[in-house]
Each structure stands twice: as structure tokens, then as C-alpha cells.
Amino acid sequence: FGGRVAISKPLRKWIEASQTSAKLSPTVKSELGKLTRDVQRLINASKITRNEDCTKVLANGFTSAAAYGAGSASPDGEPLFSNSHIIKSTGATTNDNLVTGALTQTKLQEAIGLLRNMKDGMGRTMKRASSYQLIVAPAGEADARKILNDGSKFAASVGDTETNNSITENIFAWDGFRVELVVLDTLNQPSADGSTIGSDTMWFVVNREAAKEMEAFKFLSLYNDEMTMYVDDATKVMYFDLDLSFTCDHYQPEVIVGSLGV
């Protein structure tokens with residue numbers, strides 16, 4: 001990601017001259033405020049880009065056309081979400097982490113069932129999760145809450161350091177399981193390239209503990225945000241330039257189940 005904010009030489013000189021006076025004029029204060037806001041928007045844009053690319057790992061995980069990152073194949077050659085993931089130790093027996101259909105109680109039970117019976121690379125049933133994450137788009141939040149709160153109760157966030165209401169209200173005791181609802185604001189939103197990231201029907205269930213232990217998803221940074229300031233000698237325009245280099249990728253499909261919602 002890269003972006004920059006520019007100010008002309010006359011404006012820069014005007015601001016520099018005004019700063020030497022005892023009192024800044026309201027117009028100069030306004031221009032300095034605008035410059036500050038423009039730089040902050042540039043920083044926010046880099047954060048949004050990171051969030052979008054991380055979301056694309058899930059949203060594009062139903063295909064394997066890309067060489068790497070979002071939409072690329074898992075180590076076994078299958079898309080992130082597939083009915084035919086190969087268990088390394090056997091080379092034949094498969095894991096299934098793809099569910100079809102909209103999010104319902106039955107489909108959520110199916111997804112959790114797949115995760116509970118998932119095999120690791122040695123063919124052993126993976127450790128059961130103490131809680132699961134249900135990830136939906138903003139448009140799917142209301143239906144997800146209805147499914148999770150079907151006469152049951154909210155579950156206390158045992159083991160979490162945070163105990164505020166926003167966390168407690170997103171963790172449900174449902175069908176004998178603890179399920180945390182995560183609403184992914186970047187799902188079904190326009191990306192910087194003009195495309196839409198996923199759809200509002202997509203949903204995912206994650207064994208968060210296994211994902212963390214196995215480092216199933218990675219944010220790989222070559223270098224973080226670097227802000228530089230320079231003057232173009234030809235135009236005399238001053239630039240505030242920000243750039244960073246990163247990618248996001250997936251490595252262990254055994255920790256997640258996904259559905260297109262159709």
C-alpha cells in the first residue's frame with residue numbers, strides 16, 4: 001500500500017511565514033488542520049487496506065486461482081474451503097470444511113460438528129475447542145443473534161481478561177457450546193480496487209484456540225508504515241508519503257469451516 005498528501009510551495013511558504021508571527025491567522029490554522037486531517041486519513045487508509053486483505057483470505061477462500069495469499073490453494077492443493085482436504089499421514093482420507101446453505105441452527109450444528117471431528121496432519125482428532133467463533137457480515141448479524149439466543153443465555157467470558165458488556169453480549173451458551181459472534185465489518189464492502197469483498201451471505205466458524213496454536217492464518221509484514229516527507233525539485237511540491245508492504249495467507253484449513261451462504 002502507498003499513498004501521499006501534497007502541498008504546493010506557495011502554500012508551504014505562506015504557512016512557514018505565518019508561523020514566525022506571534023499569532024497564526026485563522027486561515028493558516030485552517031490549512032494546518034486540513035493537512036493534519038489529510039495525513040490522518042492516509043494512515044487510516046493503510047489500516048483499512050490491511051483489514052480488507054485479511055478479510056479477503058476468508059472471502060476468496062472458496063477458490064484457488066491466486067498464486068499466493070487470498071484465493072490461493074492450501075498446502076494440500078485445495079482451496080481454503082473444500083470437501084476434499086488431504087490428511088498428510090494418510091494421503092487419501094479427507095477433511096471437510098465446506099458447508100452449503102444459509103446460516104441456520106442446523107447448518108451451524110453441522111459446521112461445529114465438522115470442526116469437532118477434524119483430523120490433524122497425523123490423522124488424530126484435533127483437540128476440542130472450549131469456544132467457537134461465528135463470523136458473519138453486518139447484514140447477517142440479526143439472524144445470527146436470533147439463532148444463538150434461542151431461549152438460551154449469554155455465556156460469561158471465562159478466561160478472558162476483558163469482562164465488559166460488549167464481550168459478554170457476544171458470547172452465547174448455545175446447544176451445549178460457547179459461541180462468540182464476530183461481525184466482520186469489512187465483509188460485503190467495496191474494496192479500493194472497486195470490487196466487493198465477499199458477500200453478505202457468507203459465514204464462517206473458527207476453532208480459535210487451534211488456529212492460534214497452529215498459526216493457521218498469518219499476517220506477514222515486510223515493513224510497517226513508513227512516513228517520509230520530501231520536496232519534488234521539478235514542481236516544488238512537498239509530499240507526505242506513506243507506504244508499507246505486507247501480505248496475508250492461510251496454512252491450516254483444519255481450524256475453520258466456511259459457507260457461501262447459498
# chains A, B, ... in the order shown; residues from 1 in each chain; ligands from 1
call {"tool": "closest_atom_pairs", "arguments": {"of": "range 10-52 of chain A", "to": "range 196-212 of chain A", "cutoff": "12 Å", "atoms": "only C-alpha atoms", "output": "CSV"}}
result
residue,atom,partner,partner_atom,distance
A:Thr49,CA,A:Ile197,CA,11.7
A:Asn51,CA,A:Ile197,CA,10.9
A:Glu52,CA,A:Ile197,CA,7.6
call {"tool": "write_last_selection", "arguments": {"atoms": "all heavy atoms", "output": "mmCIF file, in the first residue's frame"}}
result
data_model
loop_
_atom_site.group_PDB
_atom_site.id
_atom_site.type_symbol
_atom_site.label_atom_id
_atom_site.label_comp_id
_atom_site.auth_asym_id
_atom_site.auth_seq_id
_atom_site.Cartn_x
_atom_site.Cartn_y
_atom_site.Cartn_z
ATOM 1 N N THR A 49 -6.793 -0.952 4.407
ATOM 2 C CA THR A 49 -6.233 -1.868 3.411
ATOM 3 C C THR A 49 -5.799 -3.172 4.061
ATOM 4 O O THR A 49 -6.035 -4.261 3.522
ATOM 5 C CB THR A 49 -5.035 -1.219 2.695
ATOM 6 O OG1 THR A 49 -5.475 -0.026 2.045
ATOM 7 C CG2 THR A 49 -4.445 -2.160 1.662
ATOM 8 N N ASN A 51 -7.005 -4.482 6.842
ATOM 9 C CA ASN A 51 -8.217 -5.201 7.231
ATOM 10 C C ASN A 51 -8.897 -5.848 6.029
ATOM 11 O O ASN A 51 -9.390 -6.975 6.109
ATOM 12 C CB ASN A 51 -9.192 -4.246 7.927
ATOM 13 C CG ASN A 51 -8.694 -3.798 9.288
ATOM 14 O OD1 ASN A 51 -7.843 -4.449 9.891
ATOM 15 N ND2 ASN A 51 -9.206 -2.688 9.777
ATOM 16 N N GLU A 52 -8.927 -5.134 4.908
ATOM 17 C CA GLU A 52 -9.554 -5.674 3.698
ATOM 18 C C GLU A 52 -8.821 -6.916 3.209
ATOM 19 O O GLU A 52 -9.445 -7.923 2.850
ATOM 20 C CB GLU A 52 -9.574 -4.608 2.605
ATOM 21 C CG GLU A 52 -10.573 -3.498 2.836
ATOM 22 C CD GLU A 52 -10.544 -2.455 1.736
ATOM 23 O OE1 GLU A 52 -9.589 -2.470 0.913
ATOM 24 O OE2 GLU A 52 -11.456 -1.607 1.690
#
call {"tool": "select_by_dssp", "arguments": {"residues": "range 116-258 of chain A", "states": "alpha helix (DSSP H)", "output": "count of residues only"}}
result
20
call {"tool": "closest_residue", "arguments": {"among": "A:Ala67, A:Leu35, A:Met227, A:Met122", "to": "Thr93 in chain A", "atoms": "only C-alpha atoms"}}
result
A:Met122
call {"tool": "closest_atom_pairs", "arguments": {"of": "range 24-98 of chain A", "to": "range 248-260 of chain A", "cutoff": "9 Å", "atoms": "only C-alpha atoms", "output": "Markdown table"}}
result
| residue | atom | partner | partner_atom | distance |
| --- | --- | --- | --- | --- |
| A:Arg50 | CA | A:Cys248 | CA | 8.6 |
| A:Asp53 | CA | A:Cys248 | CA | 6.7 |
| A:Cys54 | CA | A:Cys248 | CA | 5.8 |
| A:Lys56 | CA | A:Cys248 | CA | 8.8 |
| A:Val57 | CA | A:Asp249 | CA | 6.4 |
| A:Leu58 | CA | A:Gly258 | CA | 8.0 |
| A:Ala59 | CA | A:Leu260 | CA | 8.6 |
| A:Gly61 | CA | A:Gly258 | CA | 8.4 |
| A:Phe62 | CA | A:Leu260 | CA | 8.1 |
| A:Tyr68 | CA | A:Asp249 | CA | 7.2 |
| A:Gly69 | CA | A:Asp249 | CA | 4.4 |
| A:Ala70 | CA | A:Asp249 | CA | 6.3 |
| A:Ser72 | CA | A:Asp249 | CA | 8.3 |
| A:Ala73 | CA | A:His250 | CA | 8.7 |
| A:Ser74 | CA | A:Tyr251 | CA | 6.0 |
| A:Pro75 | CA | A:Tyr251 | CA | 6.5 |
| A:Pro79 | CA | A:Pro253 | CA | 8.8 |
| A:Leu80 | CA | A:Pro253 | CA | 5.7 |
| A:Phe81 | CA | A:Gly258 | CA | 6.1 |
| A:Ser82 | CA | A:Gly258 | CA | 8.8 |
| A:His85 | CA | A:Pro253 | CA | 7.9 |
| A:Asn95 | CA | A:Glu254 | CA | 7.3 |
| A:Asp96 | CA | A:Val257 | CA | 8.1 |
| A:Asn97 | CA | A:Val257 | CA | 4.4 |
| A:Leu98 | CA | A:Gly258 | CA | 5.3 |
call {"tool": "write_last_selection", "arguments": {"atoms": "C-alpha atoms", "output": "mmCIF file, in the first residue's frame"}}
result
data_model
loop_
_atom_site.group_PDB
_atom_site.id
_atom_site.type_symbol
_atom_site.label_atom_id
_atom_site.label_comp_id
_atom_site.auth_asym_id
_atom_site.auth_seq_id
_atom_site.Cartn_x
_atom_site.Cartn_y
_atom_site.Cartn_z
ATOM 1 C CA ARG A 50 -4.764 -4.306 5.938
ATOM 2 C CA ASP A 53 -6.726 -8.005 2.683
ATOM 3 C CA CYS A 54 -7.169 -10.099 5.832
ATOM 4 C CA LYS A 56 -10.180 -11.475 1.522
ATOM 5 C CA VAL A 57 -8.359 -14.553 2.864
ATOM 6 C CA LEU A 58 -11.775 -15.774 4.057
ATOM 7 C CA ALA A 59 -13.962 -14.262 1.335
ATOM 8 C CA GLY A 61 -11.154 -18.918 0.200
ATOM 9 C CA PHE A 62 -13.626 -20.827 -1.961
ATOM 10 C CA TYR A 68 -0.468 -16.838 -3.012
ATOM 11 C CA GLY A 69 -2.461 -15.020 -0.359
ATOM 12 C CA ALA A 70 -6.222 -14.626 -0.621
ATOM 13 C CA SER A 72 -4.687 -19.313 -3.231
ATOM 14 C CA ALA A 73 -4.524 -23.042 -2.568
ATOM 15 C CA SER A 74 -3.928 -24.594 0.844
ATOM 16 C CA PRO A 75 -0.730 -26.663 1.277
ATOM 17 C CA PRO A 79 -8.931 -24.101 -1.749
ATOM 18 C CA LEU A 80 -9.122 -22.982 1.860
ATOM 19 C CA PHE A 81 -12.715 -24.289 1.968
ATOM 20 C CA SER A 82 -13.106 -27.710 0.401
ATOM 21 C CA HIS A 85 -8.648 -31.682 2.155
ATOM 22 C CA ASN A 95 -11.181 -33.437 5.933
ATOM 23 C CA ASP A 96 -14.295 -31.466 5.044
ATOM 24 C CA ASN A 97 -14.552 -27.788 5.970
ATOM 25 C CA LEU A 98 -17.122 -26.594 3.437
#
call {"tool": "residues_around", "arguments": {"residues": "Asp241 in chain A", "least_positions_apart": "2", "cutoff": "6 Å", "atoms": "only C-alpha atoms", "output": "list of chain:residue names"}}
result
A:Gly3, A:Arg4, A:Met227, A:Thr228, A:Tyr239
call {"tool": "atom_distance", "arguments": {"atom1": "CA of Asn170 in chain A", "atom2": "CA of Ile135 in chain A"}}
result
11.2 Å
call {"tool": "closest_residue", "arguments": {"among": "A:Thr100, A:Ser131, A:Thr235, A:Asn188", "to": "Gly261 in chain A", "atoms": "only C-alpha atoms"}}
result
A:Thr100
call {"tool": "residues_around", "arguments": {"residues": "Val5 in chain A", "least_positions_apart": "4", "cutoff": "12 Å", "atoms": "only C-alpha atoms", "output": "MDAnalysis selection string"}}
result
chainID A and resid 34:43 227:231 237:243
call {"tool": "select_by_dssp", "arguments": {"residues": "range 68-246 of chain A", "states": "strand (DSSP E or B)", "output": "PyMOL selection string"}}
result
chain A and resi 72+85-86+94-95+98+119+125+132-136+153-154+171-174+177-183+189-190+196-197+203-206+217-231+238-246
call {"tool": "atom_distance", "arguments": {"atom1": "CA of Val182 in chain A", "atom2": "CA of Leu134 in chain A"}}
result
5.9 Å
call {"tool": "atom_distance", "arguments": {"atom1": "CA of Ile171 in chain A", "atom2": "CA of Lys127 in chain A"}}
result
20.5 Å
